[in-house]
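As provided, entry_28.cif (mmCIF, C-alpha atoms, pLDDT in the B column; chains and numbers go by the auth columns) reads as follows.
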data_run
#
loop_
_atom_site.group_PDB
_atom_site.id
_atom_site.type_symbol
_atom_site.label_atom_id
_atom_site.label_comp_id
_atom_site.label_asym_id
_atom_site.label_seq_id
_atom_site.Cartn_x
_atom_site.Cartn_y
_atom_site.Cartn_z
_atom_site.B_iso_or_equiv
_atom_site.auth_seq_id
_atom_site.auth_asym_id
ATOM 1 C CA MET A 1 0.000 0.000 0.000 52.00 3 A
ATOM 2 C CA LYS A 2 2.766 2.415 0.967 52.00 4 A
ATOM 3 C CA GLY A 3 4.613 1.593 -2.281 51.00 5 A
ATOM 4 C CA LYS A 4 1.509 2.366 -4.376 46.00 6 A
ATOM 5 C CA ILE A 5 1.063 5.754 -2.703 48.00 7 A
ATOM 6 C CA ILE A 6 4.710 6.663 -3.286 47.00 8 A
ATOM 7 C CA GLY A 7 4.417 5.502 -6.906 43.00 9 A
ATOM 8 C CA MET A 8 1.284 7.600 -7.478 44.00 10 A
ATOM 9 C CA CYS A 9 2.919 10.663 -5.882 39.00 11 A
ATOM 10 C CA LEU A 10 5.955 10.222 -8.108 40.00 12 A
ATOM 11 C CA ALA A 11 3.754 9.921 -11.213 41.00 13 A
ATOM 12 C CA VAL A 12 1.847 13.098 -10.283 37.00 14 A
ATOM 13 C CA PHE A 13 5.145 14.930 -9.709 38.00 15 A
ATOM 14 C CA VAL A 14 6.493 13.875 -13.124 33.00 16 A
ATOM 15 C CA LEU A 15 3.275 14.938 -14.876 34.00 17 A
ATOM 16 C CA CYS A 16 3.253 18.318 -13.116 37.00 18 A
ATOM 17 C CA PHE A 17 6.929 18.906 -13.879 35.00 19 A
ATOM 18 C CA ASP A 18 6.418 18.146 -17.584 38.00 20 A
ATOM 19 C CA ALA A 19 3.355 20.429 -17.726 37.00 21 A
ATOM 20 C CA CYS A 20 5.423 23.306 -16.321 38.00 22 A
ATOM 21 C CA ARG A 21 7.977 23.066 -19.155 38.00 23 A
ATOM 22 C CA THR A 22 5.635 23.147 -22.162 41.00 24 A
ATOM 23 C CA GLN A 23 1.964 23.309 -22.890 44.00 25 A
ATOM 24 C CA GLU A 24 0.371 21.741 -25.935 43.00 26 A
ATOM 25 C CA LYS A 25 -2.055 23.756 -27.996 46.00 27 A
ATOM 26 C CA SER A 26 -4.354 22.467 -30.665 39.00 28 A
ATOM 27 C CA THR A 27 -4.067 24.279 -33.978 43.00 29 A
ATOM 28 C CA GLY A 28 -7.069 22.649 -35.562 42.00 30 A
ATOM 29 C CA SER A 29 -4.862 20.014 -37.184 42.00 31 A
ATOM 30 C CA ASP A 30 -3.885 16.633 -35.821 37.00 32 A
ATOM 31 C CA ALA A 31 -0.419 17.808 -34.756 44.00 33 A
ATOM 32 C CA PRO A 32 -0.327 19.761 -31.478 42.00 34 A
ATOM 33 C CA VAL A 33 2.131 22.629 -31.204 56.00 35 A
ATOM 34 C CA LYS A 34 4.272 22.933 -28.103 67.00 36 A
ATOM 35 C CA VAL A 35 4.133 26.381 -26.554 75.00 37 A
ATOM 36 C CA ASP A 36 7.428 27.487 -25.059 87.00 38 A
ATOM 37 C CA LEU A 37 6.486 28.689 -21.587 90.00 39 A
ATOM 38 C CA ALA A 38 9.734 30.655 -21.390 93.00 40 A
ATOM 39 C CA LEU A 39 8.348 32.792 -24.254 95.00 41 A
ATOM 40 C CA VAL A 40 4.720 33.435 -23.351 96.00 42 A
ATOM 41 C CA GLU A 41 2.962 35.585 -20.760 96.00 43 A
ATOM 42 C CA LYS A 42 5.995 37.805 -20.180 97.00 44 A
ATOM 43 C CA TYR A 43 6.612 41.503 -20.733 97.00 45 A
ATOM 44 C CA TRP A 44 9.497 41.597 -23.230 98.00 46 A
ATOM 45 C CA LYS A 45 11.047 45.092 -23.313 97.00 47 A
ATOM 46 C CA LEU A 46 12.720 45.968 -26.619 97.00 48 A
ATOM 47 C CA ILE A 47 16.358 46.964 -26.017 97.00 49 A
ATOM 48 C CA GLU A 48 17.976 46.570 -29.439 97.00 50 A
ATOM 49 C CA LEU A 49 16.853 46.902 -33.078 96.00 51 A
ATOM 50 C CA ASN A 50 19.065 45.988 -36.019 95.00 52 A
ATOM 51 C CA GLY A 51 22.166 46.177 -33.817 95.00 53 A
ATOM 52 C CA ASN A 52 21.337 49.595 -32.330 95.00 54 A
ATOM 53 C CA PRO A 53 20.255 50.188 -28.727 95.00 55 A
ATOM 54 C CA VAL A 54 16.674 51.348 -28.214 93.00 56 A
ATOM 55 C CA VAL A 55 16.570 54.480 -26.068 85.00 57 A
ATOM 56 C CA VAL A 56 13.406 56.380 -25.180 79.00 58 A
ATOM 57 C CA ASN A 57 14.367 60.069 -25.459 73.00 59 A
ATOM 58 C CA ASP A 58 11.012 61.620 -26.304 66.00 60 A
ATOM 59 C CA SER A 59 8.769 62.335 -23.306 62.00 61 A
ATOM 60 C CA ASN A 60 5.740 61.302 -25.401 61.00 62 A
ATOM 61 C CA ALA A 61 7.273 57.994 -26.495 67.00 63 A
ATOM 62 C CA ARG A 62 6.349 54.794 -24.778 84.00 64 A
ATOM 63 C CA GLU A 63 8.474 51.792 -23.914 92.00 65 A
ATOM 64 C CA ALA A 64 8.449 49.393 -26.868 95.00 66 A
ATOM 65 C CA HIS A 65 7.517 45.903 -25.740 97.00 67 A
ATOM 66 C CA ILE A 66 5.675 42.749 -26.680 98.00 68 A
ATOM 67 C CA ILE A 67 3.675 40.185 -24.695 98.00 69 A
ATOM 68 C CA LEU A 68 2.974 36.840 -26.334 97.00 70 A
ATOM 69 C CA LYS A 69 -0.218 35.399 -24.905 97.00 71 A
ATOM 70 C CA THR A 70 -0.935 31.702 -24.585 94.00 72 A
ATOM 71 C CA ALA A 71 -4.617 32.151 -25.439 90.00 73 A
ATOM 72 C CA ASP A 72 -5.259 31.976 -29.181 92.00 74 A
ATOM 73 C CA ASN A 73 -1.581 32.622 -29.978 94.00 75 A
ATOM 74 C CA ARG A 74 -2.159 36.381 -29.739 97.00 76 A
ATOM 75 C CA PHE A 75 0.370 39.067 -28.927 98.00 77 A
ATOM 76 C CA ASN A 76 0.028 42.668 -27.850 97.00 78 A
ATOM 77 C CA GLY A 77 2.335 45.453 -26.877 97.00 79 A
ATOM 78 C CA ASN A 78 3.566 48.863 -27.855 96.00 80 A
ATOM 79 C CA ALA A 79 5.759 49.661 -30.850 94.00 81 A
ATOM 80 C CA GLY A 80 7.163 52.834 -29.253 91.00 82 A
ATOM 81 C CA CYS A 81 4.242 55.145 -29.935 90.00 83 A
ATOM 82 C CA ASN A 82 1.248 53.040 -30.901 94.00 84 A
ATOM 83 C CA ARG A 83 -0.337 49.984 -29.364 96.00 85 A
ATOM 84 C CA MET A 84 -0.149 46.845 -31.476 97.00 86 A
ATOM 85 C CA THR A 85 -1.687 43.385 -31.569 98.00 87 A
ATOM 86 C CA GLY A 86 -1.684 40.351 -33.807 97.00 88 A
ATOM 87 C CA THR A 87 -1.063 36.638 -33.900 97.00 89 A
ATOM 88 C CA TYR A 88 2.039 34.477 -33.750 96.00 90 A
ATOM 89 C CA GLN A 89 2.841 30.858 -34.415 95.00 91 A
ATOM 90 C CA THR A 90 5.805 28.989 -32.994 94.00 92 A
ATOM 91 C CA LYS A 91 7.369 26.310 -35.132 88.00 93 A
ATOM 92 C CA LYS A 92 9.802 23.473 -34.610 83.00 94 A
ATOM 93 C CA SER A 93 13.412 24.278 -33.751 85.00 95 A
ATOM 94 C CA GLY A 94 12.804 27.822 -32.495 92.00 96 A
ATOM 95 C CA GLY A 95 10.855 29.072 -35.492 95.00 97 A
ATOM 96 C CA ILE A 96 8.299 31.849 -35.144 96.00 98 A
ATOM 97 C CA ALA A 97 6.010 33.784 -37.462 96.00 99 A
ATOM 98 C CA PHE A 98 3.999 36.907 -36.658 97.00 100 A
ATOM 99 C CA SER A 99 0.900 37.779 -38.668 96.00 101 A
ATOM 100 C CA GLN A 100 -2.230 39.920 -38.713 95.00 102 A
ATOM 101 C CA THR A 101 -0.317 42.709 -36.981 95.00 103 A
ATOM 102 C CA ILE A 102 -2.308 45.890 -36.548 94.00 104 A
ATOM 103 C CA ALA A 103 -1.433 49.083 -34.704 95.00 105 A
ATOM 104 C CA THR A 104 -3.144 52.292 -33.756 94.00 106 A
ATOM 105 C CA ARG A 105 -2.019 55.230 -35.896 88.00 107 A
ATOM 106 C CA MET A 106 -1.130 58.129 -33.605 89.00 108 A
ATOM 107 C CA MET A 107 1.666 60.362 -34.829 84.00 109 A
ATOM 108 C CA CYS A 108 4.735 60.800 -32.660 83.00 110 A
ATOM 109 C CA LEU A 109 7.849 62.914 -33.086 79.00 111 A
ATOM 110 C CA ASN A 110 10.161 59.989 -33.780 79.00 112 A
ATOM 111 C CA MET A 111 8.614 57.014 -35.560 87.00 113 A
ATOM 112 C CA ASP A 112 11.913 55.269 -36.437 89.00 114 A
ATOM 113 C CA THR A 113 11.783 52.690 -33.650 90.00 115 A
ATOM 114 C CA GLU A 114 8.150 51.918 -34.346 93.00 116 A
ATOM 115 C CA THR A 115 8.638 51.533 -38.091 94.00 117 A
ATOM 116 C CA GLN A 116 11.616 49.205 -37.626 96.00 118 A
ATOM 117 C CA PHE A 117 9.917 47.188 -34.874 96.00 119 A
ATOM 118 C CA LEU A 118 6.786 46.534 -36.951 96.00 120 A
ATOM 119 C CA LYS A 119 8.911 45.561 -39.953 96.00 121 A
ATOM 120 C CA ILE A 120 10.911 43.125 -37.826 97.00 122 A
ATOM 121 C CA LEU A 121 7.714 41.420 -36.711 97.00 123 A
ATOM 122 C CA GLU A 122 6.872 40.862 -40.390 95.00 124 A
ATOM 123 C CA THR A 123 10.274 39.359 -41.214 97.00 125 A
ATOM 124 C CA ALA A 124 11.413 37.443 -38.107 97.00 126 A
ATOM 125 C CA ASP A 125 11.444 33.699 -38.599 97.00 127 A
ATOM 126 C CA SER A 126 13.171 32.438 -35.453 97.00 128 A
ATOM 127 C CA TYR A 127 13.635 33.190 -31.783 97.00 129 A
ATOM 128 C CA ALA A 128 15.998 32.189 -29.015 97.00 130 A
ATOM 129 C CA ILE A 129 15.774 32.693 -25.270 96.00 131 A
ATOM 130 C CA GLN A 130 18.742 32.694 -22.951 94.00 132 A
ATOM 131 C CA ASN A 131 18.118 33.558 -19.315 93.00 133 A
ATOM 132 C CA ASP A 132 15.993 36.741 -19.419 96.00 134 A
ATOM 133 C CA THR A 133 16.857 37.710 -23.003 98.00 135 A
ATOM 134 C CA LEU A 134 14.771 37.064 -26.124 98.00 136 A
ATOM 135 C CA VAL A 135 16.273 37.427 -29.591 98.00 137 A
ATOM 136 C CA LEU A 136 14.297 37.576 -32.848 98.00 138 A
ATOM 137 C CA SER A 137 16.205 36.737 -36.021 98.00 139 A
ATOM 138 C CA LYS A 138 15.794 36.243 -39.751 97.00 140 A
ATOM 139 C CA GLY A 139 18.025 33.336 -40.646 95.00 141 A
ATOM 140 C CA LYS A 140 21.338 34.108 -38.936 94.00 142 A
ATOM 141 C CA THR A 141 20.710 37.870 -38.842 97.00 143 A
ATOM 142 C CA LEU A 142 19.839 39.229 -35.406 97.00 144 A
ATOM 143 C CA LEU A 143 16.901 41.642 -35.754 98.00 145 A
ATOM 144 C CA ALA A 144 15.826 42.514 -32.211 98.00 146 A
ATOM 145 C CA ARG A 145 16.774 41.855 -28.611 98.00 147 A
ATOM 146 C CA PHE A 146 14.430 42.041 -25.622 98.00 148 A
ATOM 147 C CA VAL A 147 14.756 41.613 -21.864 98.00 149 A
ATOM 148 C CA VAL A 148 12.013 40.362 -19.637 97.00 150 A
ATOM 149 C CA VAL A 149 10.601 42.858 -17.134 96.00 151 A
ATOM 150 C CA TYR A 150 9.184 41.433 -13.925 89.00 152 A
ATOM 151 C CA LEU A 151 6.522 43.354 -12.078 77.00 153 A
ATOM 152 C CA LYS A 152 7.419 44.233 -8.503 71.00 154 A
#
If you took the structure in this file and wrote it as structure tokens, what would it be?
Amino acid sequence: MKGKIIGMCLAVFVLCFDACRTQEKSTGSDAPVKVDLALVEKYWKLIELNGNPVVVNDSNAREAHIILKTADNRFNGNAGCNRMTGTYQTKKSGGIAFSQTIATRMMCLNMDTETQFLKILETADSYAIQNDTLVLSKGKTLLARFVVVYLK
């Protein structure tokens, strides 16, 4: 009896541990897609675009960031001036594709960061996460770097 209880506890632990690493999502096809829990439900602050640091100098500018949501593979965030939203799809071996991106259309003094950020979302085809840093790339070309921001 004691052995069965220990065995059941061990099985529950293994199942819970595996569920914490990835979560399967149905895409309407027979093949489930694994969602990288290190990627989703985090506030990713944009710190670098095309090799240049992102600095918010304008008092009207907002912090550029992205949050990839688990629900419906949606993302939202701010491109530096305007709010944005859309969908994303992760693929095998660190692949990613953003689509249906829309943004509000307020005018700001400096739209360079926003223009580049939105273009990168159209072209990025892969991502990598190391510690608290997310990198979006196109092939071997690094496009954008983000750091996770934890709420206090």
Requested in this report: Could you please determine the separation between CA of Gln91 (chain A) and CA of Asp114 (chain A) in Å, to one decimal place?
Outcome: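 These two atoms are separated by 26.1 Å.
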Query raised in the report: Do you know which residues lie at most 7 Å from (8.7, 57.3, -31.7), with coordinates as in the file and only C-alpha atoms counted, and could you write them as a VMD selection string?
Result: chain A and resid 63 82 to 83 110 to 116
Query raised in the report: Can you tell me, as a list in words, what residues are no more than 7 Å from region 38-55 of chain A when counting all atoms listed in the file, ignoring any on the same chain fewer than 6 positions away?
Result: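 Residues meeting the cut-off are Arg23, Thr24, Ala66, His67, Ile68, Ile69, Leu70, Lys71, Thr72, Leu144, Leu145, Ala146, Arg147, Phe148, Val149, Val150 and Val151 of chain A.
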Query - Å distance separating CA of Arg64 (chain A) from CA of Ile131 (chain A), one decimal place - result: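 We find that CA of Arg64 (chain A) and CA of Ile131 (chain A) lie 24.0 Å from each other.
Here CA of Thr103 (chain A) is placed at a distance of 5.6 Å from CA of Thr87 (chain A).
The residue set within 12 Å of Ile104 (chain A), counting only C-alpha atoms and dropping same-chain residues fewer than 6 places from it, reads Arg76, Phe77, Asn78, Gly79, Asn80, Ala81, Asn84, Arg85, Met86, Thr87, Gly88, Thr89, Leu120, Lys121, Leu123 and Glu124 of chain A.
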